[in-house]
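Peer 1: Just model-v1.csv, nothing more (CSV, C-alpha atoms):
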chain,number,residue,atom,x,y,z
A,211,MET,CA,77.0,97.5,35.7
A,212,THR,CA,76.4,98.5,39.3
A,213,ALA,CA,79.0,100.3,41.4
A,214,GLY,CA,79.6,97.1,43.5
A,215,PRO,CA,81.1,94.9,40.7
A,216,ARG,CA,83.2,97.8,39.4
A,217,ARG,CA,84.9,98.5,42.7
A,218,PRO,CA,86.8,95.1,43.0
A,219,ILE,CA,88.1,95.6,39.4
A,220,ARG,CA,89.3,99.1,40.3
A,221,HIS,CA,90.9,97.8,43.5
A,222,ARG,CA,92.8,95.1,41.6
A,223,ALA,CA,93.9,97.6,39.0
A,224,GLU,CA,95.2,100.0,41.7
A,225,TYR,CA,97.0,97.1,43.4
A,226,LEU,CA,98.6,95.9,40.2
A,227,ALA,CA,99.8,99.5,39.4
A,228,VAL,CA,101.4,99.8,42.8
A,229,LEU,CA,103.1,96.4,42.4
A,230,ALA,CA,104.5,97.4,39.1
A,231,ALA,CA,105.7,100.7,40.6
A,232,GLN,CA,107.3,98.8,43.5
A,233,ARG,CA,109.2,96.5,41.1
A,234,LEU,CA,110.4,99.5,39.1
A,235,VAL,CA,111.6,101.6,42.1
A,236,ARG,CA,113.5,98.6,43.5
A,237,THR,CA,115.8,98.7,40.4
A,238,LEU,CA,116.5,102.4,40.6
A,239,PRO,CA,119.1,104.2,42.7
A,240,ARG,CA,117.4,105.9,45.7
A,241,ARG,CA,118.2,109.4,44.3
A,242,TRP,CA,116.4,108.5,41.1
A,243,ALA,CA,113.5,106.8,42.9
A,244,ALA,CA,113.0,109.9,45.1
A,245,GLY,CA,113.0,112.1,42.0
A,246,LEU,CA,110.5,109.8,40.4
A,247,GLY,CA,108.3,110.1,43.5
A,248,ARG,CA,108.4,113.8,43.4
A,249,GLY,CA,107.6,113.8,39.7
A,250,LEU,CA,104.6,111.6,40.2
A,251,GLY,CA,103.4,113.9,43.0
A,252,ARG,CA,103.7,116.9,40.6
A,253,LEU,CA,101.7,115.0,38.0
A,254,PHE,CA,98.9,114.4,40.5
A,255,HIS,CA,99.1,118.1,41.4
A,256,ARG,CA,98.5,119.0,37.8
A,257,TRP,CA,95.7,116.4,37.2
A,258,ASP,CA,93.8,116.3,40.5
A,259,ASP,CA,91.9,119.6,40.3
A,260,ARG,CA,89.7,118.8,43.3
A,261,ARG,CA,92.5,118.0,45.8
A,262,ARG,CA,94.7,120.8,44.4
A,263,ASP,CA,92.0,123.4,44.9
A,264,THR,CA,91.3,122.1,48.4
A,265,ALA,CA,94.9,122.4,49.2
A,266,VAL,CA,95.2,126.0,47.9
A,267,ARG,CA,92.1,127.1,49.9
A,268,ASN,CA,93.6,125.5,53.0
A,269,VAL,CA,97.0,127.2,52.6
A,270,ARG,CA,95.5,130.6,51.9
A,271,ALA,CA,93.3,130.4,55.0
A,272,ALA,CA,96.1,129.0,57.3
A,273,LEU,CA,99.0,131.2,56.0
A,274,PRO,CA,97.4,134.5,55.0
A,275,GLY,CA,100.7,136.4,55.3
A,276,ARG,CA,102.1,134.6,52.3
A,277,THR,CA,101.7,135.7,48.7
A,278,ASP,CA,99.6,133.7,46.2
A,279,ASP,CA,102.7,132.5,44.4
A,280,GLU,CA,104.0,131.2,47.8
A,281,HIS,CA,100.7,129.5,48.5
A,282,ARG,CA,100.8,127.7,45.2
A,283,ALA,CA,104.5,126.7,45.6
A,284,ILE,CA,103.7,125.2,49.1
A,285,VAL,CA,100.8,123.2,47.5
A,286,ALA,CA,103.0,121.9,44.7
A,287,GLY,CA,105.7,121.0,47.2
A,288,ALA,CA,103.2,119.1,49.3
A,289,PHE,CA,102.1,117.0,46.4
A,290,ALA,CA,105.8,116.3,45.5
A,291,ASN,CA,106.4,115.3,49.1
A,292,VAL,CA,103.5,112.8,49.1
A,293,GLY,CA,104.8,111.3,45.9
A,294,ARG,CA,108.3,110.8,47.4
A,295,HIS,CA,106.7,109.4,50.5
A,296,VAL,CA,104.8,106.7,48.6
A,297,ILE,CA,107.8,105.7,46.5
A,298,GLU,CA,110.1,105.6,49.6
A,299,LEU,CA,107.6,103.4,51.4
A,300,LEU,CA,107.7,101.0,48.5
A,301,ARG,CA,111.5,100.9,48.7
A,302,PHE,CA,111.6,100.5,52.4
A,303,ASP,CA,109.3,97.4,52.1
A,304,ALA,CA,112.1,95.7,50.1
A,305,MET,CA,115.0,96.8,52.2
A,306,ARG,CA,116.6,94.8,55.0
A,307,VAL,CA,116.1,96.4,58.4
A,308,GLU,CA,119.8,97.2,58.7
A,309,GLU,CA,119.7,99.1,55.3
A,310,MET,CA,116.6,101.1,56.4
A,311,MET,CA,118.1,102.1,59.8
A,312,ALA,CA,121.3,103.2,58.1
A,313,LEU,CA,119.3,106.0,56.5
A,314,VAL,CA,117.7,107.2,59.8
A,315,GLU,CA,119.1,109.4,62.5
A,316,PHE,CA,117.4,110.2,65.8
A,317,GLU,CA,117.0,113.4,67.8
A,318,GLY,CA,115.5,113.5,71.3
A,319,ALA,CA,115.8,109.8,71.9
A,320,GLU,CA,116.4,110.6,75.6
A,321,HIS,CA,112.8,111.6,76.0
A,322,VAL,CA,111.7,108.1,74.8
A,323,GLU,CA,114.2,106.3,77.0
A,324,ARG,CA,113.2,108.3,80.1
A,325,ALA,CA,109.5,107.7,79.4
A,326,LEU,CA,109.8,104.0,78.8
A,327,GLY,CA,112.2,103.6,81.7
A,328,ALA,CA,109.5,105.0,84.1
A,329,GLY,CA,107.4,101.9,83.4
A,330,ARG,CA,104.2,103.6,82.6
A,331,GLY,CA,104.1,103.2,78.8
A,332,ALA,CA,104.2,106.3,76.5
A,333,MET,CA,101.9,107.9,74.0
A,334,PHE,CA,103.4,109.2,70.8
A,335,PHE,CA,101.6,111.4,68.3
A,336,THR,CA,102.4,112.9,65.0
A,337,GLY,CA,100.5,114.3,62.0
A,338,HIS,CA,100.5,113.8,58.2
A,339,PHE,CA,103.9,115.6,58.1
A,340,GLY,CA,107.1,114.6,56.5
A,341,PHE,CA,107.6,110.9,56.2
A,342,TRP,CA,105.1,109.8,58.9
A,343,GLU,CA,105.0,106.1,58.0
A,344,LEU,CA,108.8,105.7,58.7
A,345,HIS,CA,108.5,106.6,62.3
A,346,VAL,CA,106.6,103.5,63.4
A,347,MET,CA,109.2,101.2,61.7
A,348,ALA,CA,112.2,103.1,63.0
A,349,HIS,CA,110.7,103.3,66.5
A,350,ALA,CA,110.1,99.6,66.6
A,351,VAL,CA,113.8,98.9,65.7
A,352,ARG,CA,115.4,101.6,67.9
A,353,PHE,CA,113.1,101.1,71.0
A,354,GLU,CA,110.2,98.7,70.8
A,355,PRO,CA,107.3,97.9,68.6
A,356,ILE,CA,104.5,100.4,68.7
A,357,LEU,CA,100.8,99.9,68.9
A,358,MET,CA,99.2,102.4,66.5
A,359,VAL,CA,95.8,103.5,65.2
A,360,ALA,CA,95.3,103.8,61.5
A,361,ARG,CA,92.4,104.5,59.2
A,362,THR,CA,91.6,101.5,57.0
A,363,LEU,CA,92.2,102.1,53.3
A,364,ASP,CA,89.2,101.7,51.0
A,365,ASN,CA,91.1,99.3,48.9
A,366,PRO,CA,91.6,96.0,50.9
A,367,LEU,CA,94.5,94.8,48.7
A,368,LEU,CA,96.5,98.0,49.3
A,369,GLU,CA,95.5,97.9,53.0
A,370,ALA,CA,97.0,94.4,53.3
A,371,MET,CA,100.2,95.7,51.5
A,372,ILE,CA,100.7,98.7,53.8
A,373,GLU,CA,99.9,96.7,56.9
A,374,ARG,CA,102.6,94.2,55.9
A,375,VAL,CA,105.1,97.2,55.6
A,376,ARG,CA,104.1,98.5,59.0
A,377,THR,CA,104.1,95.2,60.8
A,378,ARG,CA,107.3,93.7,59.4
A,379,VAL,CA,109.3,94.9,62.5
A,380,GLY,CA,106.6,94.1,65.0
A,381,THR,CA,104.3,97.1,64.8
A,382,ARG,CA,100.7,96.3,65.6
A,383,VAL,CA,97.9,98.2,64.0
A,384,VAL,CA,94.4,98.7,65.5
A,385,PRO,CA,91.5,100.1,63.5
A,386,ARG,CA,89.7,103.3,64.6
A,387,GLN,CA,86.7,101.3,65.8
A,388,GLY,CA,87.4,100.2,69.3
A,389,ALA,CA,90.9,101.8,69.2
A,390,VAL,CA,90.7,103.4,72.6
A,391,ARG,CA,90.2,100.1,74.4
A,392,GLY,CA,93.2,98.6,72.6
A,393,LEU,CA,95.4,101.6,73.3
A,394,LEU,CA,94.4,101.6,77.0
A,395,ARG,CA,95.4,98.0,77.2
A,396,GLY,CA,98.7,98.8,75.6
A,397,LEU,CA,99.5,101.6,78.1
A,398,LEU,CA,98.5,99.4,81.0
A,399,GLU,CA,101.0,96.9,79.7
A,400,HIS,CA,103.6,99.7,79.7
A,401,ARG,CA,104.0,99.8,75.9
A,402,SER,CA,104.4,102.5,73.2
A,403,VAL,CA,101.2,103.5,71.6
A,404,GLY,CA,100.7,106.1,68.8
A,405,MET,CA,98.0,108.2,67.1
A,406,MET,CA,97.6,110.9,64.5
A,407,VAL,CA,96.5,114.3,65.9
A,408,ASP,CA,95.4,115.9,62.6
A,409,GLN,CA,92.6,113.7,61.4
A,410,HIS,CA,89.0,115.1,61.3
A,411,MET,CA,86.8,113.4,63.9
A,412,GLN,CA,83.0,113.5,63.8
A,413,ASP,CA,82.0,111.2,66.7
A,414,ARG,CA,80.9,112.2,70.2
A,415,SER,CA,84.5,111.9,71.5
A,416,ALA,CA,85.8,114.8,69.3
A,417,VAL,CA,86.9,118.1,70.8
A,418,THR,CA,87.3,121.4,68.9
A,419,VAL,CA,90.7,122.9,68.8
A,420,GLU,CA,92.4,125.7,67.0
A,421,PHE,CA,94.7,124.5,64.3
A,422,LEU,CA,96.5,127.1,62.2
A,423,GLY,CA,94.0,129.8,63.2
A,424,ARG,CA,90.8,127.8,62.4
A,425,PRO,CA,88.6,125.5,64.5
A,426,ALA,CA,89.0,121.8,63.8
A,427,ALA,CA,87.6,118.6,65.3
A,428,ALA,CA,90.3,116.4,66.9
A,429,THR,CA,90.4,113.2,68.7
A,430,SER,CA,90.2,113.4,72.5
A,431,ALA,CA,91.7,109.9,72.9
A,432,ILE,CA,95.3,111.0,73.3
A,433,ALA,CA,94.5,113.4,76.1
A,434,ALA,CA,91.9,111.2,77.8
A,435,LEU,CA,94.2,108.2,77.9
A,436,ALA,CA,97.2,110.2,79.1
A,437,LEU,CA,95.3,111.9,81.9
A,438,ARG,CA,93.8,108.5,82.9
A,439,THR,CA,97.1,106.5,83.0
A,440,GLY,CA,99.7,109.2,83.6
A,441,ALA,CA,101.6,108.2,80.5
A,442,PRO,CA,103.7,111.0,79.0
A,443,VAL,CA,102.6,112.3,75.6
A,444,ILE,CA,105.6,112.7,73.2
A,445,PRO,CA,105.4,114.5,69.8
A,446,VAL,CA,107.4,112.8,67.0
A,447,PHE,CA,108.1,114.0,63.5
A,448,THR,CA,110.1,112.4,60.7
A,449,VAL,CA,111.7,115.0,58.4
A,450,PRO,CA,113.8,114.5,55.2
A,451,ARG,CA,117.6,115.3,55.4
A,452,PRO,CA,120.2,115.9,52.7
A,453,GLY,CA,121.6,112.8,51.1
A,454,GLN,CA,118.2,110.9,50.9
A,455,ARG,CA,118.3,110.5,54.7
A,456,TYR,CA,115.7,111.1,57.4
A,457,ARG,CA,115.7,112.4,61.0
A,458,VAL,CA,113.2,111.2,63.5
A,459,VAL,CA,112.7,114.0,66.0
A,460,TYR,CA,111.2,113.3,69.5
A,461,GLU,CA,110.1,116.5,71.2
A,462,PRO,CA,109.9,116.8,75.0
A,463,PRO,CA,106.7,115.4,76.5
A,464,VAL,CA,103.8,117.9,76.3
A,465,GLU,CA,103.0,119.6,79.6
A,466,MET,CA,100.1,118.0,81.3
A,467,PRO,CA,97.3,120.1,82.7
A,468,ASP,CA,95.8,119.4,86.1
A,469,PRO,CA,93.6,116.4,85.5
A,470,ARG,CA,91.1,117.8,87.9
A,471,ARG,CA,90.4,120.7,85.5
A,472,ALA,CA,87.0,120.3,83.8
A,473,ASP,CA,88.6,121.2,80.5
A,474,ALA,CA,91.8,119.1,80.9
A,475,VAL,CA,91.1,116.9,77.9
A,476,GLN,CA,90.5,119.9,75.6
A,477,VAL,CA,93.6,121.8,77.0
A,478,LEU,CA,95.9,118.9,76.4
A,479,THR,CA,94.5,118.2,73.0
A,480,GLN,CA,95.1,121.8,72.1
A,481,ARG,CA,98.7,121.7,73.3
A,482,CYS,CA,99.4,118.7,71.2
A,483,THR,CA,97.8,120.4,68.2
A,484,ASP,CA,100.0,123.5,68.8
A,485,VAL,CA,103.2,121.4,68.5
A,486,LEU,CA,102.1,120.1,65.1
A,487,ALA,CA,101.1,123.6,64.0
A,488,SER,CA,104.6,124.9,64.8
A,489,TYR,CA,106.1,122.3,62.5
A,490,VAL,CA,103.7,123.0,59.7
A,491,ARG,CA,104.4,126.7,59.9
A,492,ARG,CA,108.2,126.1,59.7
A,493,GLN,CA,108.0,123.6,56.8
A,494,PRO,CA,104.5,123.9,55.2
A,495,ASP,CA,105.3,121.9,52.1
A,496,LEU,CA,105.8,118.8,54.3
A,497,TRP,CA,102.2,118.7,55.5
A,498,LEU,CA,99.2,117.1,53.8
A,499,TRP,CA,97.2,120.2,52.8
A,500,MET,CA,94.9,118.4,50.3
A,501,HIS,CA,92.7,116.7,52.9
A,502,ARG,CA,89.6,118.4,54.4
A,503,ARG,CA,91.0,119.0,57.8
A,504,TRP,CA,88.8,122.0,58.7
A,505,ARG,CA,85.0,121.3,58.7
A,506,ARG,CA,84.0,123.4,61.7
A,507,ALA,CA,84.8,126.8,60.4
A,508,ASP,CA,82.3,128.6,62.7
A,509,ALA,CA,82.7,126.5,65.8
A,510,PRO,CA,83.9,128.2,69.0
A,511,VAL,CA,87.2,127.0,70.6
A,512,ALA,CA,87.1,126.7,74.4
A,513,GLY,CA,89.3,129.4,76.0
A,514,ARG,CA,90.2,131.1,72.7
A,515,PRO,CA,88.6,134.1,70.9
A,516,ALA,CA,86.0,133.5,68.2
A,517,PRO,CA,87.4,132.7,64.7
A,518,ALA,CA,88.5,135.7,62.7
A,519,PRO,CA,86.8,136.5,59.3
A,520,ALA,CA,87.9,134.3,56.5
A,521,SER,CA,90.2,137.0,55.1
A,522,ARG,CA,92.3,137.0,58.3
A,523,ALA,CA,92.0,133.4,59.5
A,524,GLY,CA,95.3,132.2,61.0
A,525,ALA,CA,96.7,135.7,61.6
A,526,GLY,CA,96.4,135.4,65.3
A,527,ARG,CA,99.8,133.8,66.0
A,528,PRO,CA,103.2,134.4,64.5
A,529,PRO,CA,105.1,131.5,63.0
A,530,THR,CA,107.1,129.4,65.4
A,531,GLY,CA,110.8,128.8,64.8
Here is the file; what I need is its structure written in the form of C-alpha cells.
Peer 2:
Amino acid sequence: MTAGPRRPIRHRAEYLAVLAAQRLVRTLPRRWAAGLGRGLGRLFHRWDDRRRDTAVRNVRAALPGRTDDEHRAIVAGAFANVGRHVIELLRFDAMRVEEMMALVEFEGAEHVERALGAGRGAMFFTGHFGFWELHVMAHAVRFEPILMVARTLDNPLLEAMIERVRTRVGTRVVPRQGAVRGLLRGLLEHRSVGMMVDQHMQDRSAVTVEFLGRPAAATSAIAALALRTGAPVIPVFTVPRPGQRYRVVYEPPVEMPDPRRADAVQVLTQRCTDVLASYVRRQPDLWLWMHRRWRRADAPVAGRPAPAPASRAGAGRPPTG
C-alpha cells in the first residue's frame, strides 16, 4: 500500500481519537480533566523520544545556567502543559461563551482600548506559550473578533475541528499563504489582527533575530505591517492561574523604531522577540520547546555580537523578571 491511501486512514483514526477524548473530558470536572491532560502530556514525554530529545537540546542551549535536572524538569513540564492545553481546548469547544469567560481575567486591557480607540487597528502577537489558543476567543468576546494567521494542520479533519473552535465567536483565520495581504486589509479596516512571533520562517521575507541567545528566523510581517500602517504592536500572553483559571495579559505596545531606518523591520522584529523571550525565561515550562525553533545556529544577527560557542549559547543576557 502506498503512503497516499494510508494517510486518510490515519487522519480519520486521529480524528476519531480526538472525538472520543472530547466526549470523555466533557463528563469530567475541570480539575480532573486538567489532570488528565497533564497526564497525557507526560505519557507523550515518555514515549516521544524524538521530540523529547529536541526539547532537551533546546533547553540546554537556551538556559545554560540551569542544571541538567532542571532542564529535564522544564521539558517534562512543557509536555504536561501541552497536554492540558489540548484537553482544555476540547472543553472550551463545548462550553457556552459565558462559562468560558467566567474563567478568564484580563490584565492590561487599557492598552487594547487605547489602541482600538485611535482608529488605526492593532497588531497583536504571541508565541506558543501558556494557553495561546484561548486568547483569540477571549479577545473576540471582550473586545472584537480578531483576524489571525495560523499554520494549517496536516490532518484536514482536525483542522476543521480547531477552526470551528477558533471561529465560534467570530474569529477569522487566514492561512500563511497570502496572509500579509489579508492582514493589511484588516488593519486598513481598523481591525484587530494577530500572528505568532516564534515560528520558523524560511521564505525571503524572514529576518534573523536573537531568541534566547541563538539566531532564529522570524517573520518580518508584523514589523513591516506596523511600520507601514502605524498600527501599534501589542504583545499578549495567556497564563494559567490557580483554580483552573487563566489570565490574558496585554503588555504595553512595543516601542516603534524610526521607520526611516534601513533596519527598522529587523529592529522591531527583535523587540517583539525580546518580549516573548522574557516570558519564556520567567516560566520556561509554559513554552513549546519540542519544536525546531532554531535552524540558523551560525547566522549573524544584525546589530548583535556573533553567536557564542554552543556551550555558552544564551548566556549573554540575564533572565528578565
Peer 1: Within 12 Å of A:Pro442, counting only C-alpha atoms, which residues show up once you throw out same-chain ones fewer than 6 positions away? Write them as a VMD selection string, please.
Peer 2: chain A and resid 321 to 335 397 400 to 404 432 to 436 461 to 467 478 482
Peer 1: Counting all atoms listed in the file, which residues sit no farther than 6 Å from the position (93.3, 116.5, 56.3) in the file's frame? I'd like them as a PyMOL selection string.
Peer 2: chain A and resi 409+501-503
Peer 1: Near stretch 300-309 of chain A, within 7 Å and counting only C-alpha atoms, which residues show up once chain neighbours fewer than 6 positions away are dropped, as a count of residues only?
Peer 2: 4
Peer 1: What gap, in Å, lies between atom CA of A:Pro450 and atom CA of A:Met411?
Peer 2: 28.4 Å
Peer 1: Check the smallest atom-to-atom distance from each of A:Phe341, A:Pro385, A:Thr418, A:Ala312 to A:Arg361 using only C-alpha atoms, then report the winner.
Peer 2: A:Pro385
Peer 1: Which one is closest to A:Ala288: A:Leu496, A:Arg505, A:Val407, A:Asp413? Count all atoms listed in the file.
Peer 2: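 Among A:Leu496, A:Arg505, A:Val407, A:Asp413, it is A:Leu496 that comes nearest to A:Ala288.
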Peer 1: Rounded to one decimal, what separation in Å do you get between atom CA of A:Val446 and atom CA of A:Arg491?
Peer 2: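 Straight-line distance from atom CA of A:Val446 to atom CA of A:Arg491 works out to 15.9 Å.
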Peer 1: Mind giving me the straight-line distance from atom CA of A:Ala487 to atom CA of A:Leu246 in Å, one decimal?
Peer 2: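 Between these atoms lies a distance of 28.9 Å.
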Peer 1: Which residues are close to stretch 344-354 of chain A, i.e. within 7 Å by all atoms listed in the file, leaving aside same-chain residues fewer than 4 positions away? Reply as a PyMOL selection string.
Peer 2: chain A and resi 311+376+379-381+448+458
Peer 1: In terms of the shortest atom-to-atom distance over only C-alpha atoms, which of A:Ala271, A:Met406, A:Ala370, A:Leu393 is closest to A:Tyr225?
Peer 2: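 Going through A:Ala271, A:Met406, A:Ala370, A:Leu393 one by one, the smallest distance to A:Tyr225 is for A:Ala370.
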Peer 1: Of the candidates A:Gly396, A:Asp364, A:Leu422, A:Asp279, which one gets nearest to A:Thr439 if we count only C-alpha atoms?
Peer 2: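 Using only C-alpha atoms, the shortest distance to A:Thr439 belongs to A:Gly396.
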Peer 1: Could you give me, as a JSON list (two decimals) with C-alpha atoms, in the coordinates of the input, the residues that have an atom at most 6 Å away from the point (93.7, 98.5, 63.7) in the coordinates of the file, using only C-alpha atoms?
Peer 2:
[["chain", "number", "residue", "atom", "x", "y", "z"],
["A", 359, "VAL", "CA", 95.80, 103.50, 65.20],
["A", 360, "ALA", "CA", 95.30, 103.80, 61.50],
["A", 383, "VAL", "CA", 97.90, 98.20, 64.00],
["A", 384, "VAL", "CA", 94.40, 98.70, 65.50],
["A", 385, "PRO", "CA", 91.50, 100.10, 63.50]]
Peer 1: Could you check the closest approach to A:Gly388 for each of A:Ala431, A:Ala290, A:Ile284, A:Ala474 and tell me which residue wins, using all atoms listed in the file?
Peer 2: A:Ala431
Peer 1: Reconstruct N, CA and C atoms of stretch 388-408 of chain A from the incomplete input and present them as an mmCIF file, keeping the file's coordinate frame.
Peer 2:
data_model
loop_
_atom_site.group_PDB
_atom_site.id
_atom_site.type_symbol
_atom_site.label_atom_id
_atom_site.label_comp_id
_atom_site.auth_asym_id
_atom_site.auth_seq_id
_atom_site.Cartn_x
_atom_site.Cartn_y
_atom_site.Cartn_z
ATOM 1 N N GLY A 388 86.935 100.883 68.141
ATOM 2 C CA GLY A 388 87.400 100.200 69.300
ATOM 3 C C GLY A 388 88.876 100.450 69.630
ATOM 4 N N ALA A 389 89.465 101.512 69.028
ATOM 5 C CA ALA A 389 90.900 101.800 69.200
ATOM 6 C C ALA A 389 91.226 102.165 70.652
ATOM 7 N N VAL A 390 90.355 102.924 71.298
ATOM 8 C CA VAL A 390 90.700 103.400 72.600
ATOM 9 C C VAL A 390 90.905 102.261 73.603
ATOM 10 N N ARG A 391 90.070 101.248 73.515
ATOM 11 C CA ARG A 391 90.200 100.100 74.400
ATOM 12 C C ARG A 391 91.579 99.417 74.165
ATOM 13 N N GLY A 392 91.959 99.261 72.886
ATOM 14 C CA GLY A 392 93.200 98.600 72.600
ATOM 15 C C GLY A 392 94.421 99.451 73.041
ATOM 16 N N LEU A 393 94.334 100.780 72.873
ATOM 17 C CA LEU A 393 95.400 101.600 73.300
ATOM 18 C C LEU A 393 95.548 101.642 74.835
ATOM 19 N N LEU A 394 94.405 101.657 75.529
ATOM 20 C CA LEU A 394 94.400 101.600 77.000
ATOM 21 C C LEU A 394 95.105 100.341 77.483
ATOM 22 N N ARG A 395 94.771 99.240 76.848
ATOM 23 C CA ARG A 395 95.400 98.000 77.200
ATOM 24 C C ARG A 395 96.910 98.041 77.014
ATOM 25 N N GLY A 396 97.310 98.648 75.880
ATOM 26 C CA GLY A 396 98.700 98.800 75.600
ATOM 27 C C GLY A 396 99.447 99.624 76.659
ATOM 28 N N LEU A 397 98.843 100.738 77.067
ATOM 29 C CA LEU A 397 99.500 101.600 78.100
ATOM 30 C C LEU A 397 99.539 100.884 79.431
ATOM 31 N N LEU A 398 98.493 100.153 79.775
ATOM 32 C CA LEU A 398 98.500 99.400 81.000
ATOM 33 C C LEU A 398 99.568 98.318 81.032
ATOM 34 N N GLU A 399 99.936 97.872 79.823
ATOM 35 C CA GLU A 399 101.000 96.900 79.700
ATOM 36 C C GLU A 399 102.380 97.572 79.518
ATOM 37 N N HIS A 400 102.410 98.925 79.702
ATOM 38 C CA HIS A 400 103.600 99.700 79.700
ATOM 39 C C HIS A 400 104.279 99.707 78.282
ATOM 40 N N ARG A 401 103.460 99.793 77.239
ATOM 41 C CA ARG A 401 104.000 99.800 75.900
ATOM 42 C C ARG A 401 103.920 101.143 75.248
ATOM 43 N N SER A 402 104.523 101.256 74.060
ATOM 44 C CA SER A 402 104.400 102.500 73.200
ATOM 45 C C SER A 402 103.163 102.389 72.398
ATOM 46 N N VAL A 403 102.374 103.449 72.415
ATOM 47 C CA VAL A 403 101.200 103.500 71.600
ATOM 48 C C VAL A 403 101.216 104.831 70.793
ATOM 49 N N GLY A 404 100.564 104.861 69.629
ATOM 50 C CA GLY A 404 100.700 106.100 68.800
ATOM 51 C C GLY A 404 99.372 106.376 68.059
ATOM 52 N N MET A 405 99.174 107.669 67.800
ATOM 53 C CA MET A 405 98.000 108.200 67.100
ATOM 54 C C MET A 405 98.376 109.378 66.243
ATOM 55 N N MET A 406 97.557 109.649 65.251
ATOM 56 C CA MET A 406 97.600 110.900 64.500
ATOM 57 C C MET A 406 96.802 111.961 65.251
ATOM 58 N N VAL A 407 97.268 113.209 65.206
ATOM 59 C CA VAL A 407 96.500 114.300 65.900
ATOM 60 C C VAL A 407 95.822 115.189 64.921
ATOM 61 N N ASP A 408 95.951 114.943 63.612
ATOM 62 C CA ASP A 408 95.400 115.900 62.600
ATOM 63 C C ASP A 408 94.339 115.295 61.738
#
